[in-house]
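Heads up, input.cif below (mmCIF, C-alpha atoms and all ligand atoms):
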data_entry
#
loop_
_atom_site.group_PDB
_atom_site.id
_atom_site.type_symbol
_atom_site.label_atom_id
_atom_site.label_comp_id
_atom_site.auth_asym_id
_atom_site.auth_seq_id
_atom_site.Cartn_x
_atom_site.Cartn_y
_atom_site.Cartn_z
ATOM 1 C CA MET A 128 -45.820 -28.696 -6.710
ATOM 2 C CA GLU A 129 -49.131 -27.728 -8.317
ATOM 3 C CA THR A 130 -51.487 -25.346 -6.525
ATOM 4 C CA LEU A 131 -55.282 -25.306 -6.705
ATOM 5 C CA LEU A 132 -57.717 -22.584 -5.750
ATOM 6 C CA ALA A 133 -60.551 -23.932 -3.591
ATOM 7 C CA ILE A 134 -63.578 -21.791 -2.772
ATOM 8 C CA ASP A 135 -66.185 -22.608 -0.150
ATOM 9 C CA VAL A 136 -69.244 -20.435 -0.639
ATOM 10 C CA GLY A 137 -71.525 -20.288 2.384
ATOM 11 C CA GLY A 138 -74.596 -18.271 3.269
ATOM 12 C CA THR A 139 -72.553 -15.819 5.368
ATOM 13 C CA HIS A 140 -68.956 -16.192 4.174
ATOM 14 C CA GLN A 141 -66.921 -17.114 1.131
ATOM 15 C CA ARG A 142 -63.571 -18.700 1.865
ATOM 16 C CA PHE A 143 -60.799 -18.841 -0.714
ATOM 17 C CA ALA A 144 -57.800 -21.102 -0.199
ATOM 18 C CA ALA A 145 -54.693 -21.901 -2.210
ATOM 19 C CA ILE A 146 -54.046 -25.598 -1.602
ATOM 20 C CA ASN A 147 -51.179 -27.708 -2.914
ATOM 21 C CA SER A 148 -51.660 -31.183 -4.376
ATOM 22 C CA LYS A 149 -50.629 -32.764 -1.057
ATOM 23 C CA GLY A 150 -53.498 -30.999 0.732
ATOM 24 C CA LYS A 151 -51.493 -28.272 2.452
ATOM 25 C CA ILE A 152 -53.390 -24.982 2.761
ATOM 26 C CA LEU A 153 -50.950 -22.287 1.671
ATOM 27 C CA GLU A 154 -53.188 -19.263 2.074
ATOM 28 C CA LYS A 155 -56.755 -18.620 3.154
ATOM 29 C CA VAL A 156 -58.881 -15.491 2.737
ATOM 30 C CA THR A 157 -62.440 -14.938 3.992
ATOM 31 C CA TYR A 158 -64.912 -12.572 2.342
ATOM 32 C CA PRO A 159 -68.513 -11.791 3.316
ATOM 33 C CA SER A 160 -71.350 -13.409 1.354
ATOM 34 C CA HIS A 161 -74.186 -11.167 0.239
ATOM 35 C CA ARG A 162 -77.718 -12.463 0.398
ATOM 36 C CA ASN A 163 -79.944 -9.924 -1.295
ATOM 37 C CA ILE A 164 -78.270 -9.741 -4.663
ATOM 38 C CA SER A 165 -78.976 -10.982 -8.175
ATOM 39 C CA SER A 166 -77.225 -13.998 -9.658
ATOM 40 C CA ASP A 167 -75.374 -11.633 -12.053
ATOM 41 C CA GLU A 168 -74.005 -9.644 -9.113
ATOM 42 C CA PHE A 169 -73.024 -12.888 -7.395
ATOM 43 C CA PHE A 170 -70.999 -14.100 -10.393
ATOM 44 C CA GLN A 171 -69.459 -10.640 -10.936
ATOM 45 C CA THR A 172 -68.184 -10.511 -7.331
ATOM 46 C CA LEU A 173 -66.953 -14.094 -7.596
ATOM 47 C CA LYS A 174 -65.114 -13.217 -10.796
ATOM 48 C CA GLU A 175 -63.344 -10.251 -9.144
ATOM 49 C CA ARG A 176 -62.346 -12.290 -6.106
ATOM 50 C CA ILE A 177 -61.089 -15.206 -8.206
ATOM 51 C CA THR A 178 -59.098 -12.867 -10.444
ATOM 52 C CA ASP A 179 -57.474 -11.333 -7.341
ATOM 53 C CA SER A 180 -56.621 -14.749 -5.904
ATOM 54 C CA LEU A 181 -55.164 -16.025 -9.169
ATOM 55 C CA LYS A 182 -52.921 -12.955 -9.369
ATOM 56 C CA LYS A 183 -51.430 -13.854 -5.987
ATOM 57 C CA ASN A 184 -51.170 -17.613 -6.561
ATOM 58 C CA LEU A 185 -50.475 -19.394 -9.800
ATOM 59 C CA CYS A 186 -53.153 -22.126 -9.824
ATOM 60 C CA GLU A 187 -53.837 -25.076 -12.122
ATOM 61 C CA GLY A 188 -57.582 -25.106 -11.476
ATOM 62 C CA VAL A 189 -60.484 -23.668 -9.501
ATOM 63 C CA ALA A 190 -62.700 -25.877 -7.316
ATOM 64 C CA LEU A 191 -65.960 -24.563 -5.916
ATOM 65 C CA ALA A 192 -68.019 -25.929 -3.025
ATOM 66 C CA LEU A 193 -71.512 -24.443 -3.052
ATOM 67 C CA PRO A 194 -74.559 -25.061 -0.838
ATOM 68 C CA ILE A 195 -76.729 -25.900 -3.836
ATOM 69 C CA VAL A 196 -78.271 -28.933 -5.487
ATOM 70 C CA ILE A 197 -78.125 -29.086 -9.279
ATOM 71 C CA ASP A 198 -80.562 -31.208 -11.271
ATOM 72 C CA LYS A 199 -78.237 -33.477 -13.279
ATOM 73 C CA GLN A 200 -80.715 -33.693 -16.147
ATOM 74 C CA THR A 201 -81.493 -29.986 -16.646
ATOM 75 C CA GLY A 202 -78.217 -28.537 -15.337
ATOM 76 C CA LYS A 203 -80.169 -25.939 -13.367
ATOM 77 C CA VAL A 204 -80.024 -25.227 -9.644
ATOM 78 C CA GLN A 205 -82.850 -27.149 -8.041
ATOM 79 C CA ASP A 206 -82.391 -26.027 -4.471
ATOM 80 C CA ALA A 207 -80.356 -23.215 -2.888
ATOM 81 C CA PRO A 208 -81.834 -22.313 0.522
ATOM 82 C CA HIS A 209 -78.808 -20.219 1.541
ATOM 83 C CA LEU A 210 -78.215 -18.613 -1.876
ATOM 84 C CA PRO A 211 -81.822 -18.131 -3.017
ATOM 85 C CA PHE A 212 -80.840 -15.961 -6.006
ATOM 86 C CA LEU A 213 -79.294 -19.049 -7.626
ATOM 87 C CA ASN A 214 -82.569 -20.988 -7.823
ATOM 88 C CA GLY A 215 -83.227 -22.064 -11.409
ATOM 89 C CA VAL A 216 -79.871 -20.686 -12.602
ATOM 90 C CA HIS A 217 -77.398 -22.490 -14.898
ATOM 91 C CA VAL A 218 -74.265 -22.156 -12.766
ATOM 92 C CA ASP A 219 -72.106 -23.458 -15.619
ATOM 93 C CA GLN A 220 -73.034 -20.419 -17.674
ATOM 94 C CA GLY A 221 -72.380 -18.061 -14.762
ATOM 95 C CA LEU A 222 -68.881 -19.496 -14.408
ATOM 96 C CA SER A 223 -68.060 -19.274 -18.125
ATOM 97 C CA PHE A 224 -65.621 -16.430 -17.334
ATOM 98 C CA LEU A 225 -63.161 -19.008 -15.945
ATOM 99 C CA SER A 226 -60.309 -19.609 -18.383
ATOM 100 C CA ILE A 227 -58.621 -22.418 -16.419
ATOM 101 C CA PRO A 228 -60.092 -25.861 -15.553
ATOM 102 C CA TRP A 229 -62.745 -25.807 -12.842
ATOM 103 C CA VAL A 230 -65.069 -28.115 -10.920
ATOM 104 C CA LEU A 231 -68.179 -27.494 -8.889
ATOM 105 C CA GLU A 232 -69.703 -29.694 -6.208
ATOM 106 C CA ASN A 233 -72.243 -29.473 -3.423
ATOM 107 C CA ASP A 234 -70.549 -28.270 -0.211
ATOM 108 C CA ALA A 235 -71.593 -31.277 1.907
ATOM 109 C CA ASN A 236 -70.230 -33.635 -0.753
ATOM 110 C CA CYS A 237 -66.988 -31.622 -0.708
ATOM 111 C CA ALA A 238 -66.743 -32.026 3.085
ATOM 112 C CA LEU A 239 -67.173 -35.767 2.576
ATOM 113 C CA LEU A 240 -64.410 -35.817 -0.058
ATOM 114 C CA GLY A 241 -62.153 -33.906 2.340
ATOM 115 C CA GLU A 242 -62.660 -36.764 4.805
ATOM 116 C CA VAL A 243 -61.936 -39.300 2.058
ATOM 117 C CA TRP A 244 -58.677 -37.555 1.154
ATOM 118 C CA LEU A 245 -57.221 -36.467 4.468
ATOM 119 C CA GLY A 246 -59.726 -37.221 7.209
ATOM 120 C CA GLN A 247 -61.351 -40.127 8.955
ATOM 121 C CA GLY A 248 -62.893 -41.566 5.794
ATOM 122 C CA LYS A 249 -59.490 -42.424 4.276
ATOM 123 C CA GLU A 250 -59.693 -46.160 4.855
ATOM 124 C CA GLU A 251 -63.469 -46.454 4.975
ATOM 125 C CA PRO A 252 -65.331 -48.200 2.097
ATOM 126 C CA SER A 253 -68.675 -46.572 2.971
ATOM 127 C CA PHE A 254 -69.686 -43.800 5.340
ATOM 128 C CA CYS A 255 -71.882 -40.766 5.830
ATOM 129 C CA CYS A 256 -70.579 -37.249 6.524
ATOM 130 C CA LEU A 257 -72.852 -34.663 8.091
ATOM 131 C CA THR A 258 -72.035 -30.954 8.142
ATOM 132 C CA LEU A 259 -73.749 -29.314 11.066
ATOM 133 C CA GLY A 260 -74.083 -25.548 10.737
ATOM 134 C CA THR A 261 -76.853 -23.100 9.865
ATOM 135 C CA GLY A 262 -78.587 -26.171 8.415
ATOM 136 C CA ILE A 263 -77.535 -29.781 7.901
ATOM 137 C CA GLY A 264 -75.642 -30.966 4.857
ATOM 138 C CA SER A 265 -74.946 -34.621 4.255
ATOM 139 C CA GLY A 266 -72.959 -36.718 1.854
ATOM 140 C CA LEU A 267 -72.883 -40.457 1.234
ATOM 141 C CA PHE A 268 -69.824 -42.453 0.236
ATOM 142 C CA LEU A 269 -70.831 -45.960 -0.844
ATOM 143 C CA ASN A 270 -68.319 -48.577 -1.987
ATOM 144 C CA ARG A 271 -65.632 -45.868 -2.373
ATOM 145 C CA GLU A 272 -67.838 -43.661 -4.539
ATOM 146 C CA LEU A 273 -69.777 -40.499 -3.882
ATOM 147 C CA TRP A 274 -73.481 -41.388 -4.172
ATOM 148 C CA LYS A 275 -75.375 -38.518 -5.766
ATOM 149 C CA GLY A 276 -78.646 -40.178 -6.684
ATOM 150 C CA VAL A 277 -80.413 -40.536 -10.013
ATOM 151 C CA ARG A 278 -80.784 -36.778 -10.538
ATOM 152 C CA GLY A 279 -78.014 -35.550 -8.259
ATOM 153 C CA MET A 280 -80.251 -34.827 -5.293
ATOM 154 C CA ALA A 281 -79.411 -37.682 -2.935
ATOM 155 C CA SER A 282 -78.509 -37.618 0.713
ATOM 156 C CA GLU A 283 -80.776 -34.951 2.132
ATOM 157 C CA MET A 284 -80.482 -36.404 5.581
ATOM 158 C CA GLY A 285 -81.383 -33.043 7.109
ATOM 159 C CA HIS A 286 -84.892 -33.545 5.753
ATOM 160 C CA LEU A 287 -85.430 -36.985 7.195
ATOM 161 C CA LYS A 288 -88.662 -36.721 9.144
ATOM 162 C CA ILE A 289 -88.177 -37.414 12.857
ATOM 163 C CA ASP A 290 -91.245 -35.682 14.331
ATOM 164 C CA PHE A 291 -94.839 -36.068 13.205
ATOM 165 C CA SER A 292 -96.575 -33.537 15.474
ATOM 166 C CA GLY A 293 -96.592 -30.952 12.654
ATOM 167 C CA LYS A 294 -95.409 -28.326 15.148
ATOM 168 C CA THR A 295 -91.874 -27.767 13.904
ATOM 169 C CA PRO A 296 -91.629 -26.163 10.469
ATOM 170 C CA CYS A 297 -88.502 -26.662 8.380
ATOM 171 C CA CYS A 298 -86.962 -24.275 5.829
ATOM 172 C CA CYS A 299 -87.852 -26.807 3.084
ATOM 173 C CA GLY A 300 -91.570 -26.153 3.608
ATOM 174 C CA ASN A 301 -92.177 -29.441 5.420
ATOM 175 C CA HIS A 302 -92.498 -30.112 9.159
ATOM 176 C CA GLY A 303 -90.535 -32.231 11.621
ATOM 177 C CA CYS A 304 -87.318 -32.585 9.575
ATOM 178 C CA LEU A 305 -84.072 -33.436 11.358
ATOM 179 C CA GLU A 306 -82.681 -30.015 10.415
ATOM 180 C CA ALA A 307 -85.525 -28.317 12.297
ATOM 181 C CA PHE A 308 -84.048 -29.814 15.493
ATOM 182 C CA VAL A 309 -80.349 -30.208 14.734
ATOM 183 C CA SER A 310 -78.854 -26.954 13.417
ATOM 184 C CA ALA A 311 -77.631 -23.592 14.653
ATOM 185 C CA THR A 312 -80.933 -22.132 13.420
ATOM 186 C CA ALA A 313 -82.961 -24.668 15.410
ATOM 187 C CA LEU A 314 -80.916 -24.070 18.568
ATOM 188 C CA GLN A 315 -81.403 -20.328 18.314
ATOM 189 C CA LYS A 316 -85.137 -20.707 17.760
ATOM 190 C CA LYS A 317 -85.429 -22.968 20.780
ATOM 191 C CA THR A 318 -83.239 -21.056 23.246
ATOM 192 C CA GLY A 319 -82.881 -17.511 21.894
ATOM 193 C CA TYR A 320 -79.079 -17.899 21.916
ATOM 194 C CA LYS A 321 -76.710 -18.209 18.978
ATOM 195 C CA ALA A 322 -74.976 -21.590 18.678
ATOM 196 C CA GLN A 323 -71.576 -20.051 19.493
ATOM 197 C CA GLU A 324 -72.981 -18.467 22.678
ATOM 198 C CA LEU A 325 -74.608 -21.760 23.645
ATOM 199 C CA TYR A 326 -71.309 -23.549 23.140
ATOM 200 C CA GLN A 327 -69.558 -21.132 25.472
ATOM 201 C CA MET A 328 -72.407 -21.390 28.006
ATOM 202 C CA ALA A 329 -72.252 -25.188 27.892
ATOM 203 C CA SER A 330 -68.489 -25.013 28.452
ATOM 204 C CA ARG A 331 -69.235 -23.155 31.692
ATOM 205 C CA GLY A 332 -71.809 -25.773 32.705
ATOM 206 C CA ASN A 333 -74.929 -23.712 31.971
ATOM 207 C CA PRO A 334 -77.955 -26.042 32.297
ATOM 208 C CA ILE A 335 -80.029 -24.387 29.515
ATOM 209 C CA ALA A 336 -77.186 -24.857 27.033
ATOM 210 C CA LEU A 337 -76.390 -28.385 28.187
ATOM 211 C CA SER A 338 -80.022 -29.427 27.901
ATOM 212 C CA ALA A 339 -80.344 -27.832 24.417
ATOM 213 C CA PHE A 340 -77.331 -29.838 23.204
ATOM 214 C CA GLU A 341 -78.625 -32.986 24.867
ATOM 215 C CA HIS A 342 -81.945 -32.679 23.038
ATOM 216 C CA MET A 343 -80.159 -31.931 19.783
ATOM 217 C CA GLY A 344 -78.070 -35.084 20.293
ATOM 218 C CA GLU A 345 -81.174 -37.203 20.838
ATOM 219 C CA CYS A 346 -82.716 -35.972 17.587
ATOM 220 C CA LEU A 347 -79.483 -36.516 15.664
ATOM 221 C CA GLY A 348 -79.183 -40.010 17.148
ATOM 222 C CA ARG A 349 -82.669 -40.835 15.892
ATOM 223 C CA GLY A 350 -81.712 -39.791 12.374
ATOM 224 C CA ILE A 351 -78.398 -41.649 12.444
ATOM 225 C CA GLY A 352 -80.066 -44.823 13.775
ATOM 226 C CA SER A 353 -82.561 -44.780 10.892
ATOM 227 C CA VAL A 354 -79.876 -44.271 8.245
ATOM 228 C CA ALA A 355 -77.749 -47.023 9.810
ATOM 229 C CA ASN A 356 -80.758 -49.344 9.502
ATOM 230 C CA LEU A 357 -81.312 -48.385 5.886
ATOM 231 C CA LEU A 358 -77.705 -48.564 4.650
ATOM 232 C CA ASN A 359 -75.816 -50.568 7.262
ATOM 233 C CA ILE A 360 -72.903 -48.144 7.221
ATOM 234 C CA ASP A 361 -70.720 -48.133 10.326
ATOM 235 C CA LEU A 362 -69.289 -44.651 10.292
ATOM 236 C CA PHE A 363 -70.900 -41.219 10.622
ATOM 237 C CA ILE A 364 -68.480 -38.283 10.571
ATOM 238 C CA LEU A 365 -69.784 -35.020 11.992
ATOM 239 C CA ALA A 366 -68.233 -31.892 10.475
ATOM 240 C CA GLY A 367 -69.240 -28.223 10.266
ATOM 241 C CA ARG A 368 -69.066 -25.454 12.860
ATOM 242 C CA LEU A 369 -71.675 -26.969 15.173
ATOM 243 C CA SER A 370 -69.673 -30.189 15.468
ATOM 244 C CA GLN A 371 -67.413 -28.138 17.763
ATOM 245 C CA ALA A 372 -70.006 -28.906 20.479
ATOM 246 C CA PHE A 373 -69.521 -32.664 19.923
ATOM 247 C CA GLN A 374 -68.642 -33.355 23.573
ATOM 248 C CA PHE A 375 -71.993 -31.896 24.665
ATOM 249 C CA PHE A 376 -74.314 -33.700 22.253
ATOM 250 C CA TYR A 377 -72.406 -36.923 21.622
ATOM 251 C CA PRO A 378 -73.533 -38.875 24.737
ATOM 252 C CA SER A 379 -77.269 -38.507 23.987
ATOM 253 C CA CYS A 380 -76.673 -38.900 20.240
ATOM 254 C CA HIS A 381 -74.798 -42.166 20.765
ATOM 255 C CA ARG A 382 -77.422 -43.481 23.204
ATOM 256 C CA ILE A 383 -80.407 -42.798 20.935
ATOM 257 C CA ALA A 384 -78.593 -44.002 17.800
ATOM 258 C CA GLN A 385 -77.920 -47.286 19.601
ATOM 259 C CA GLU A 386 -81.576 -47.486 20.642
ATOM 260 C CA SER A 387 -82.889 -46.640 17.167
ATOM 261 C CA ALA A 388 -80.597 -48.889 15.135
ATOM 262 C CA MET A 389 -81.336 -52.581 14.881
ATOM 263 C CA LYS A 390 -79.089 -55.124 16.539
ATOM 264 C CA GLY A 391 -77.037 -55.850 13.405
ATOM 265 C CA PRO A 392 -76.279 -52.316 12.170
ATOM 266 C CA ARG A 393 -75.671 -50.940 15.674
ATOM 267 C CA GLN A 394 -72.865 -53.346 16.581
ATOM 268 C CA HIS A 395 -70.116 -51.475 14.760
ATOM 269 C CA LEU A 396 -71.774 -48.074 14.611
ATOM 270 C CA ARG A 397 -69.319 -45.204 15.168
ATOM 271 C CA ILE A 398 -70.157 -41.510 15.383
ATOM 272 C CA VAL A 399 -67.026 -39.354 15.295
ATOM 273 C CA GLN A 400 -66.088 -35.691 15.108
ATOM 274 C CA SER A 401 -64.257 -34.496 11.994
ATOM 275 C CA LYS A 402 -60.680 -33.430 12.633
ATOM 276 C CA LEU A 403 -60.594 -31.199 9.555
ATOM 277 C CA GLY A 404 -62.995 -28.656 11.084
ATOM 278 C CA ASP A 405 -64.147 -25.922 8.752
ATOM 279 C CA ASP A 406 -61.531 -26.850 6.149
ATOM 280 C CA ALA A 407 -63.121 -30.184 5.121
ATOM 281 C CA GLY A 408 -65.121 -28.555 2.289
ATOM 282 C CA LEU A 409 -62.143 -26.614 0.909
ATOM 283 C CA LEU A 410 -59.934 -29.700 0.977
ATOM 284 C CA GLY A 411 -62.604 -31.889 -0.627
ATOM 285 C CA ALA A 412 -63.127 -29.393 -3.451
ATOM 286 C CA ALA A 413 -59.355 -29.321 -4.055
ATOM 287 C CA PHE A 414 -59.307 -33.141 -4.032
ATOM 288 C CA LEU A 415 -61.965 -33.234 -6.745
ATOM 289 C CA MET A 416 -59.936 -30.830 -8.901
ATOM 290 C CA LYS A 417 -56.767 -32.801 -8.238
ATOM 291 C CA GLN A 418 -58.518 -35.962 -9.475
ATOM 292 C CA LYS A 419 -59.844 -34.192 -12.552
ATOM 293 C CA LEU A 420 -56.366 -32.932 -13.449
ATOM 294 C CA ARG A 421 -54.826 -36.303 -12.505
ATOM 295 C CA LEU A 422 -52.283 -34.602 -10.231
HETATM 296 ZN ZN ZN A 501 -86.948 -30.044 5.731
#

So, in terms of structure tokens, how does the structure I just supplied come out?
Amino acid sequence: METLLAIDVGGTHQRFAAINSKGKILEKVTYPSHRNISSDEFFQTLKERITDSLKKNLCEGVALALPIVIDKQTGKVQDAPHLPFLNGVHVDQGLSFLSIPWVLENDANCALLGEVWLGQGKEEPSFCCLTLGTGIGSGLFLNRELWKGVRGMASEMGHLKIDFSGKTPCCCGNHGCLEAFVSATALQKKTGYKAQELYQMASRGNPIALSAFEHMGECLGRGIGSVANLLNIDLFILAGRLSQAFQFFYPSCHRIAQESAMKGPRQHLRIVQSKLGDDAGLLGAAFLMKQKLRL
């Protein structure tokens, strides 16, 4: 059976996985991500790590999931908040060292494709997948197709404005975005604790942690209700590390989403936790490569 190399590049880690064409992860290796480097150094390190991986596993193609938005018309990186050195860069040129077929896709879109292939989006004609982590990523699947927008910049649900007080700045330069309330960064700013610590505290019944997750759920519910009104999609899948705390933020999220959505869209509205965990992006990237190679 054919094997593919999937790479999920995050702001703190790079994960490499050899995945077979049935979606079984055969091997997974995690490397640190470096932040203060040049784009040349980034591609050089990537090249070394890919070469190493391909020596260990014979692969038909390389699939990359990156937290970047590429302008379809110019081919340049338009937005890369977690890999700032890639802003304005032609990633295609940086990856020209690859001598086997490769694909590249935004990491949130890859998580969505993972759900389409092996997760809860398998049977679903249209849905939204949110990756909750350092920030918020989101992908839209409409009529069984990934919706990327006119220029490839669609589905920035994290930057949906939910607060107009002007008091909560967002990493995008605006104020009051969903991401400024619903992300590991936002939780840490609000409570002083890292999301992982808060999760453990909430598990022990700590009121500060429980209330932080409840508020996060309310904000997320507001965003989901608005998107449900706009698109009338029934399913929202929550993936990413922060979705681990689903049990703590789901009740308030569900309640506010029901309040925010109109009578029609809210009837069949479902908000569920991804079962693929952190692997959704890797699997989705592999799925894209598998489709490209018609495996
Ligand atoms: Zn924003």

Of the listed residues A:Ala384, A:Ile164, A:Ala235, A:Ile227, that which approaches A:Val196 most closely, counting all atoms listed in the file: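 Looking only at the distances to A:Val196, the closest residue turns out to be A:Ala235.
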
As a check of understanding, name the residues that the PyMOL selection byres (((chain A and resi 263) around 12) and not hetatm) selects in the supplied structure, as a PDB file with C-alpha atoms, keeping the file's coordinate frame.
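In the end it all went to result.pdb:
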ATOM      1  CA  PRO A 194     -74.559 -25.061  -0.838  1.00  0.00           C
ATOM      2  CA  PRO A 208     -81.834 -22.313   0.522  1.00  0.00           C
ATOM      3  CA  HIS A 209     -78.808 -20.219   1.541  1.00  0.00           C
ATOM      4  CA  ASP A 234     -70.549 -28.270  -0.211  1.00  0.00           C
ATOM      5  CA  ALA A 235     -71.593 -31.277   1.907  1.00  0.00           C
ATOM      6  CA  ASN A 236     -70.230 -33.635  -0.753  1.00  0.00           C
ATOM      7  CA  CYS A 256     -70.579 -37.249   6.524  1.00  0.00           C
ATOM      8  CA  LEU A 257     -72.852 -34.663   8.091  1.00  0.00           C
ATOM      9  CA  THR A 258     -72.035 -30.954   8.142  1.00  0.00           C
ATOM     10  CA  LEU A 259     -73.749 -29.314  11.066  1.00  0.00           C
ATOM     11  CA  GLY A 260     -74.083 -25.548  10.737  1.00  0.00           C
ATOM     12  CA  THR A 261     -76.853 -23.100   9.865  1.00  0.00           C
ATOM     13  CA  GLY A 262     -78.587 -26.171   8.415  1.00  0.00           C
ATOM     14  CA  GLY A 264     -75.642 -30.966   4.857  1.00  0.00           C
ATOM     15  CA  SER A 265     -74.946 -34.621   4.255  1.00  0.00           C
ATOM     16  CA  GLY A 266     -72.959 -36.718   1.854  1.00  0.00           C
ATOM     17  CA  SER A 282     -78.509 -37.618   0.713  1.00  0.00           C
ATOM     18  CA  GLU A 283     -80.776 -34.951   2.132  1.00  0.00           C
ATOM     19  CA  MET A 284     -80.482 -36.404   5.581  1.00  0.00           C
ATOM     20  CA  GLY A 285     -81.383 -33.043   7.109  1.00  0.00           C
ATOM     21  CA  HIS A 286     -84.892 -33.545   5.753  1.00  0.00           C
ATOM     22  CA  LEU A 287     -85.430 -36.985   7.195  1.00  0.00           C
ATOM     23  CA  CYS A 297     -88.502 -26.662   8.380  1.00  0.00           C
ATOM     24  CA  CYS A 298     -86.962 -24.275   5.829  1.00  0.00           C
ATOM     25  CA  CYS A 299     -87.852 -26.807   3.084  1.00  0.00           C
ATOM     26  CA  CYS A 304     -87.318 -32.585   9.575  1.00  0.00           C
ATOM     27  CA  LEU A 305     -84.072 -33.436  11.358  1.00  0.00           C
ATOM     28  CA  GLU A 306     -82.681 -30.015  10.415  1.00  0.00           C
ATOM     29  CA  ALA A 307     -85.525 -28.317  12.297  1.00  0.00           C
ATOM     30  CA  PHE A 308     -84.048 -29.814  15.493  1.00  0.00           C
ATOM     31  CA  VAL A 309     -80.349 -30.208  14.734  1.00  0.00           C
ATOM     32  CA  SER A 310     -78.854 -26.954  13.417  1.00  0.00           C
ATOM     33  CA  ALA A 311     -77.631 -23.592  14.653  1.00  0.00           C
ATOM     34  CA  THR A 312     -80.933 -22.132  13.420  1.00  0.00           C
ATOM     35  CA  ALA A 313     -82.961 -24.668  15.410  1.00  0.00           C
ATOM     36  CA  LEU A 347     -79.483 -36.516  15.664  1.00  0.00           C
ATOM     37  CA  GLY A 350     -81.712 -39.791  12.374  1.00  0.00           C
ATOM     38  CA  LEU A 365     -69.784 -35.020  11.992  1.00  0.00           C
ATOM     39  CA  ALA A 366     -68.233 -31.892  10.475  1.00  0.00           C
ATOM     40  CA  GLY A 367     -69.240 -28.223  10.266  1.00  0.00           C
ATOM     41  CA  ARG A 368     -69.066 -25.454  12.860  1.00  0.00           C
ATOM     42  CA  LEU A 369     -71.675 -26.969  15.173  1.00  0.00           C
ATOM     43  CA  SER A 370     -69.673 -30.189  15.468  1.00  0.00           C
TER      44      SER A 370
END

Any idea what's packed within 8 Å of stretch 397-414 of chain A, counting only C-alpha atoms, ignoring anything in its chain fewer than 5 positions away? Could you give it as an MDAnalysis selection string? chainID A and resid 131:135 144 146 148 150 189:192 230:232 234:244 246:247 361:368 370 373 381

Could you tell me which of A:Asp290, A:Gln418, A:Pro392, A:Ser387 comes closest to ligand ZN 501 (chain A) if we count all atoms listed in the file? A:Asp290

Within 10 Å of stretch 323-326 of chain A, counting all atoms listed in the file, which residues show up once you throw out same-chain ones fewer than 5 positions away? Write them as a PyMOL selection string, please. chain A and resi 311+314-315+318+331-333+335-337+339-340+368-369+371-373+375
